[in-house]
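Data from data09.cif: mmCIF, C-alpha atoms
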```cif
data_start
loop_
_atom_site.group_PDB
_atom_site.id
_atom_site.type_symbol
_atom_site.label_atom_id
_atom_site.label_comp_id
_atom_site.auth_asym_id
_atom_site.auth_seq_id
_atom_site.Cartn_x
_atom_site.Cartn_y
_atom_site.Cartn_z
ATOM 1 C CA MET U 1 0.000 0.000 0.000
ATOM 2 C CA GLU U 2 1.373 3.371 -0.958
ATOM 3 C CA ARG U 3 0.747 6.284 1.375
ATOM 4 C CA ASN U 4 1.459 9.979 1.087
ATOM 5 C CA PHE U 5 1.802 12.847 3.465
ATOM 6 C CA THR U 6 2.187 16.557 3.023
ATOM 7 C CA ILE U 7 4.269 19.006 4.973
ATOM 8 C CA ARG U 8 2.393 22.125 6.000
ATOM 9 C CA TYR U 9 4.237 25.328 6.744
ATOM 10 C CA GLU U 10 3.826 29.057 6.450
ATOM 11 C CA GLU U 11 6.085 30.994 4.103
ATOM 12 C CA TYR U 12 6.787 34.716 4.177
ATOM 13 C CA ALA U 13 8.667 36.850 1.647
ATOM 14 C CA SER U 14 10.330 38.788 4.458
ATOM 15 C CA SER U 15 10.971 38.494 8.170
ATOM 16 C CA SER U 16 9.161 41.813 8.579
ATOM 17 C CA LEU U 17 5.910 39.877 7.977
ATOM 18 C CA LEU U 18 6.477 37.579 10.964
ATOM 19 C CA ARG U 19 4.791 37.999 14.328
ATOM 20 C CA PRO U 20 6.970 40.254 16.536
ATOM 21 C CA GLU U 21 8.155 37.413 18.817
ATOM 22 C CA GLU U 22 9.063 35.263 15.783
ATOM 23 C CA LYS U 23 11.003 38.120 14.194
ATOM 24 C CA ARG U 24 12.922 38.762 17.426
ATOM 25 C CA LEU U 25 13.858 35.097 17.632
ATOM 26 C CA LEU U 26 14.971 35.001 13.995
ATOM 27 C CA ASP U 27 16.992 38.191 14.479
ATOM 28 C CA ALA U 28 18.691 36.528 17.465
ATOM 29 C CA ALA U 29 19.581 33.510 15.290
ATOM 30 C CA ILE U 30 21.002 35.752 12.564
ATOM 31 C CA GLU U 31 23.071 37.621 15.143
ATOM 32 C CA ALA U 32 24.214 34.337 16.715
ATOM 33 C CA ALA U 33 25.680 33.227 13.370
ATOM 34 C CA ASP U 34 28.367 35.883 13.894
ATOM 35 C CA GLY U 35 29.670 33.781 16.792
ATOM 36 C CA SER U 36 30.240 30.779 14.559
ATOM 37 C CA TYR U 37 33.665 29.159 14.374
ATOM 38 C CA ALA U 38 33.705 27.782 10.833
ATOM 39 C CA PRO U 39 37.269 28.060 9.445
ATOM 40 C CA TYR U 40 36.793 24.938 7.289
ATOM 41 C CA SER U 41 33.338 25.294 5.764
ATOM 42 C CA HIS U 42 33.025 29.105 6.026
ATOM 43 C CA PHE U 43 29.331 28.415 6.611
ATOM 44 C CA ASN U 44 28.081 30.243 9.683
ATOM 45 C CA VAL U 45 24.866 29.014 11.267
ATOM 46 C CA GLY U 46 23.018 30.589 14.181
ATOM 47 C CA ALA U 47 20.162 29.224 16.247
ATOM 48 C CA ALA U 48 18.014 30.864 18.899
ATOM 49 C CA VAL U 49 15.772 28.865 21.230
ATOM 50 C CA GLN U 50 12.850 30.413 23.106
ATOM 51 C CA MET U 51 11.951 28.797 26.396
ATOM 52 C CA GLU U 52 8.483 28.636 27.909
ATOM 53 C CA ASN U 53 9.419 31.453 30.330
ATOM 54 C CA GLY U 54 10.413 33.731 27.430
ATOM 55 C CA ALA U 55 14.182 33.337 27.874
ATOM 56 C CA VAL U 56 16.146 33.125 24.634
ATOM 57 C CA ILE U 57 19.288 31.043 24.256
ATOM 58 C CA SER U 58 21.419 31.588 21.167
ATOM 59 C CA SER U 59 24.310 29.617 19.773
ATOM 60 C CA ALA U 60 26.338 29.082 16.612
ATOM 61 C CA ASN U 61 28.022 26.157 14.904
ATOM 62 C CA GLN U 62 31.524 25.308 16.127
ATOM 63 C CA GLU U 63 33.839 23.351 13.824
ATOM 64 C CA ASN U 64 36.972 21.456 14.740
ATOM 65 C CA ALA U 65 39.888 20.115 12.704
ATOM 66 C CA ALA U 66 39.151 16.683 14.181
ATOM 67 C CA TYR U 67 35.950 16.319 12.191
ATOM 68 C CA PRO U 68 33.258 15.374 13.346
ATOM 69 C CA SER U 69 34.121 16.859 16.732
ATOM 70 C CA GLY U 70 32.295 20.090 15.988
ATOM 71 C CA ILE U 71 28.654 20.790 16.761
ATOM 72 C CA CYS U 72 25.789 22.380 14.886
ATOM 73 C CA ALA U 73 24.198 25.608 16.112
ATOM 74 C CA GLU U 74 20.868 23.903 16.746
ATOM 75 C CA ARG U 75 22.227 21.146 18.985
ATOM 76 C CA SER U 76 24.506 23.561 20.804
ATOM 77 C CA ALA U 77 21.552 25.818 21.647
ATOM 78 C CA LEU U 78 19.224 22.926 22.518
ATOM 79 C CA PHE U 79 21.710 21.196 24.806
ATOM 80 C CA TYR U 80 22.489 24.431 26.625
ATOM 81 C CA ALA U 81 18.777 25.229 26.950
ATOM 82 C CA HIS U 82 18.097 21.835 28.536
ATOM 83 C CA SER U 83 21.078 22.261 30.825
ATOM 84 C CA LYS U 84 20.045 25.720 31.996
ATOM 85 C CA TYR U 85 16.299 24.961 32.175
ATOM 86 C CA PRO U 86 16.071 21.173 32.647
ATOM 87 C CA ASP U 87 12.357 21.087 33.474
ATOM 88 C CA MET U 88 11.134 23.726 31.038
ATOM 89 C CA ALA U 89 9.668 23.252 27.573
ATOM 90 C CA ILE U 90 11.116 24.865 24.470
ATOM 91 C CA VAL U 91 8.449 26.701 22.503
ATOM 92 C CA ALA U 92 10.367 27.766 19.388
ATOM 93 C CA ILE U 93 13.685 27.670 17.583
ATOM 94 C CA ALA U 94 14.882 29.968 14.814
ATOM 95 C CA ILE U 95 17.696 29.028 12.438
ATOM 96 C CA ALA U 96 19.616 31.136 9.948
ATOM 97 C CA ALA U 97 22.920 30.883 8.095
ATOM 98 C CA LYS U 98 25.439 33.324 6.668
ATOM 99 C CA CYS U 99 28.088 33.021 3.993
ATOM 100 C CA ASN U 100 30.636 35.784 3.605
ATOM 101 C CA GLY U 101 28.826 37.797 6.262
ATOM 102 C CA LYS U 102 25.479 37.788 4.443
ATOM 103 C CA VAL U 103 22.340 35.788 5.213
ATOM 104 C CA THR U 104 22.016 32.926 2.723
ATOM 105 C CA GLN U 105 19.629 33.275 -0.200
ATOM 106 C CA THR U 106 17.909 29.980 0.557
ATOM 107 C CA PRO U 107 16.790 28.458 3.867
ATOM 108 C CA THR U 108 19.246 26.272 5.774
ATOM 109 C CA TYR U 109 17.442 23.323 7.291
ATOM 110 C CA PRO U 110 18.658 21.345 10.310
ATOM 111 C CA CYS U 111 20.713 18.232 9.567
ATOM 112 C CA GLY U 112 19.354 14.792 10.460
ATOM 113 C CA ALA U 113 21.097 14.687 13.845
ATOM 114 C CA CYS U 114 19.674 18.083 14.783
ATOM 115 C CA ARG U 115 16.199 17.024 13.655
ATOM 116 C CA GLN U 116 16.375 14.012 15.953
ATOM 117 C CA VAL U 117 17.547 16.150 18.898
ATOM 118 C CA LEU U 118 14.708 18.586 18.144
ATOM 119 C CA GLN U 119 12.265 15.658 18.144
ATOM 120 C CA GLU U 120 13.452 14.445 21.525
ATOM 121 C CA SER U 121 13.353 18.012 22.879
ATOM 122 C CA GLN U 122 9.745 18.241 21.753
ATOM 123 C CA LEU U 123 8.892 14.911 23.401
ATOM 124 C CA ARG U 124 10.763 15.936 26.542
ATOM 125 C CA GLY U 125 8.849 19.202 26.863
ATOM 126 C CA GLY U 126 5.487 17.696 25.970
ATOM 127 C CA LYS U 127 4.694 20.580 23.599
ATOM 128 C CA ASN U 128 5.202 21.250 19.915
ATOM 129 C CA ILE U 129 8.278 23.299 19.082
ATOM 130 C CA LYS U 130 7.730 25.954 16.422
ATOM 131 C CA ILE U 131 10.566 26.074 13.872
ATOM 132 C CA ILE U 132 11.431 29.324 12.103
ATOM 133 C CA ILE U 133 13.901 29.017 9.232
ATOM 134 C CA GLY U 134 15.149 32.277 7.772
ATOM 135 C CA SER U 135 16.954 33.310 4.607
ATOM 136 C CA ALA U 136 17.422 36.506 2.649
ATOM 137 C CA THR U 137 14.554 35.657 0.286
ATOM 138 C CA LYS U 138 11.988 33.935 2.490
ATOM 139 C CA VAL U 139 11.127 32.672 5.951
ATOM 140 C CA GLN U 140 9.403 29.377 6.632
ATOM 141 C CA VAL U 141 7.533 28.584 9.848
ATOM 142 C CA LEU U 142 6.629 25.029 10.843
ATOM 143 C CA ASP U 143 4.359 24.366 13.817
ATOM 144 C CA SER U 144 6.044 21.140 14.952
ATOM 145 C CA VAL U 145 9.266 19.169 14.669
ATOM 146 C CA SER U 146 7.246 16.344 13.131
ATOM 147 C CA ARG U 147 6.908 18.539 10.030
ATOM 148 C CA LEU U 148 10.692 18.248 9.559
ATOM 149 C CA LEU U 149 11.048 14.664 10.775
ATOM 150 C CA PRO U 150 7.827 12.745 10.121
ATOM 151 C CA PHE U 151 9.443 9.337 10.750
ATOM 152 C CA ALA U 152 11.354 10.150 13.919
ATOM 153 C CA PHE U 153 13.089 7.572 16.061
ATOM 154 C CA ASP U 154 11.051 7.552 19.262
ATOM 155 C CA ASN U 155 10.762 3.854 20.093
ATOM 156 C CA LEU U 156 12.517 4.114 23.424
ATOM 157 C CA PRO U 157 11.956 1.436 26.065
ATOM 158 C CA GLN U 158 9.433 2.644 28.640
ATOM 159 C CA GLU U 159 12.008 2.811 31.436
ATOM 160 C CA ALA U 160 14.345 4.938 29.284
ATOM 161 C CA ALA U 161 11.593 7.252 28.066
ATOM 162 C CA GLY U 162 10.254 7.964 31.545
ATOM 163 C CA PRO U 163 6.853 7.436 33.146
ATOM 164 C CA GLU U 164 5.124 10.154 31.129
ATOM 165 C CA SER U 165 5.808 8.238 27.888
ATOM 166 C CA GLU U 166 3.233 5.592 28.839
ATOM 167 C CA ASN U 167 0.505 8.170 28.327
ATOM 168 C CA LYS U 168 1.926 9.247 24.966
ATOM 169 C CA LYS U 169 2.258 5.717 23.581
ATOM 170 C CA GLY U 170 -1.337 4.841 24.294
#
```
Please express the file's structure as structure tokens.
Amino acid sequence: MERNFTIRYEEYASSSLLRPEEKRLLDAAIEAADGSYAPYSHFNVGAAVQMENGAVISSANQENAAYPSGICAERSALFYAHSKYPDMAIVAIAIAAKCNGKVTQTPTYPCGACRQVLQESQLRGGKNIKIIIGSATKVQVLDSVSRLLPFAFDNLPQEAAGPESENKKG
């Protein structure tokens, strides 16, 4: 049996058309890209995570000559957010990239590893995480990580997933 699914998202021609809180988060991600350490790829990525209490945590990708010892901006921000606010849900993440000091012309989507970490962050918080992906020509807004990773790995044993997972699995 063949099945299909569609990915729903909002698309804007400019970040100025976003809701004010979304624009602020995207601006924080764009600014965070300036803190990137990318001497090998010269591809600077910034991410900004908004917590349930309104706090914003920003980070940038960090490369290392001992590839793959670096870390993406998204995972760096997510891991720090969970460390600083271990019991608080993430409500949104914005992602943007720069090349040669300018925001890229096309959106830069999270890699597979970052998508999986986003998925687990969403499960951990018990709420959908909004994803805002910016570029110089458009901004895309997805209402859930499952829009980016529809076939996520989430088959954790009950004892590893925690007691709340019993309610989510049925």
Please write the residues picked by the PyMOL selection byres ((chain U and resi 91-94) around 8) on this file as a count of residues only. 22
Exercise: Cys99 in chain U partners within 12 Å, only C-alpha atoms, chain neighbours under 2 positions left out, as an mmCIF file with C-alpha atoms, in the frame of the given file:
```cif
data_model
loop_
_atom_site.group_PDB
_atom_site.id
_atom_site.type_symbol
_atom_site.label_atom_id
_atom_site.label_comp_id
_atom_site.auth_asym_id
_atom_site.auth_seq_id
_atom_site.Cartn_x
_atom_site.Cartn_y
_atom_site.Cartn_z
ATOM 1 C CA ILE U 30 21.002 35.752 12.564
ATOM 2 C CA ALA U 33 25.680 33.227 13.370
ATOM 3 C CA ASP U 34 28.367 35.883 13.894
ATOM 4 C CA SER U 36 30.240 30.779 14.559
ATOM 5 C CA ALA U 38 33.705 27.782 10.833
ATOM 6 C CA PRO U 39 37.269 28.060 9.445
ATOM 7 C CA SER U 41 33.338 25.294 5.764
ATOM 8 C CA HIS U 42 33.025 29.105 6.026
ATOM 9 C CA PHE U 43 29.331 28.415 6.611
ATOM 10 C CA ASN U 44 28.081 30.243 9.683
ATOM 11 C CA VAL U 45 24.866 29.014 11.267
ATOM 12 C CA GLY U 46 23.018 30.589 14.181
ATOM 13 C CA ALA U 96 19.616 31.136 9.948
ATOM 14 C CA ALA U 97 22.920 30.883 8.095
ATOM 15 C CA GLY U 101 28.826 37.797 6.262
ATOM 16 C CA LYS U 102 25.479 37.788 4.443
ATOM 17 C CA VAL U 103 22.340 35.788 5.213
ATOM 18 C CA THR U 104 22.016 32.926 2.723
ATOM 19 C CA GLN U 105 19.629 33.275 -0.200
ATOM 20 C CA THR U 106 17.909 29.980 0.557
ATOM 21 C CA THR U 108 19.246 26.272 5.774
ATOM 22 C CA SER U 135 16.954 33.310 4.607
ATOM 23 C CA ALA U 136 17.422 36.506 2.649
#
```
Quick one: distance from CA of Ser16 in chain U to CA of Ser144 in chain U in Å, one decimal?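 So the two atoms, CA of Ser16 in chain U and CA of Ser144 in chain U, lie 21.9 Å apart.
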Where does the PyMOL selection byres ((chain U and resi 118) around 12) land in this file, that is, which residues does it pick, as a ChimeraX atom specification? /U:49,73-79,81-82,89-94,110-117,119-125,127-131,144-149,152-154
Just so the selection is clear, what residues does the PyMOL selection byres ((chain U and resi 3-6) around 9) cover here, as a PyMOL selection string? chain U and resi 1-2+7-8+147+150
Report the distance between CA of Ala13 in chain U and CA of Thr137 in chain U in Å, rounded to one decimal place.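 One can read the CA of Ala13 in chain U to CA of Thr137 in chain U distance as 6.2 Å.
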Give me, please, the distance in Å between CA of Tyr109 in chain U and CA of Ala28 in chain U, quoted to one decimal.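 Interatomic distance, CA of Tyr109 in chain U to CA of Ala28 in chain U: 16.7 Å.
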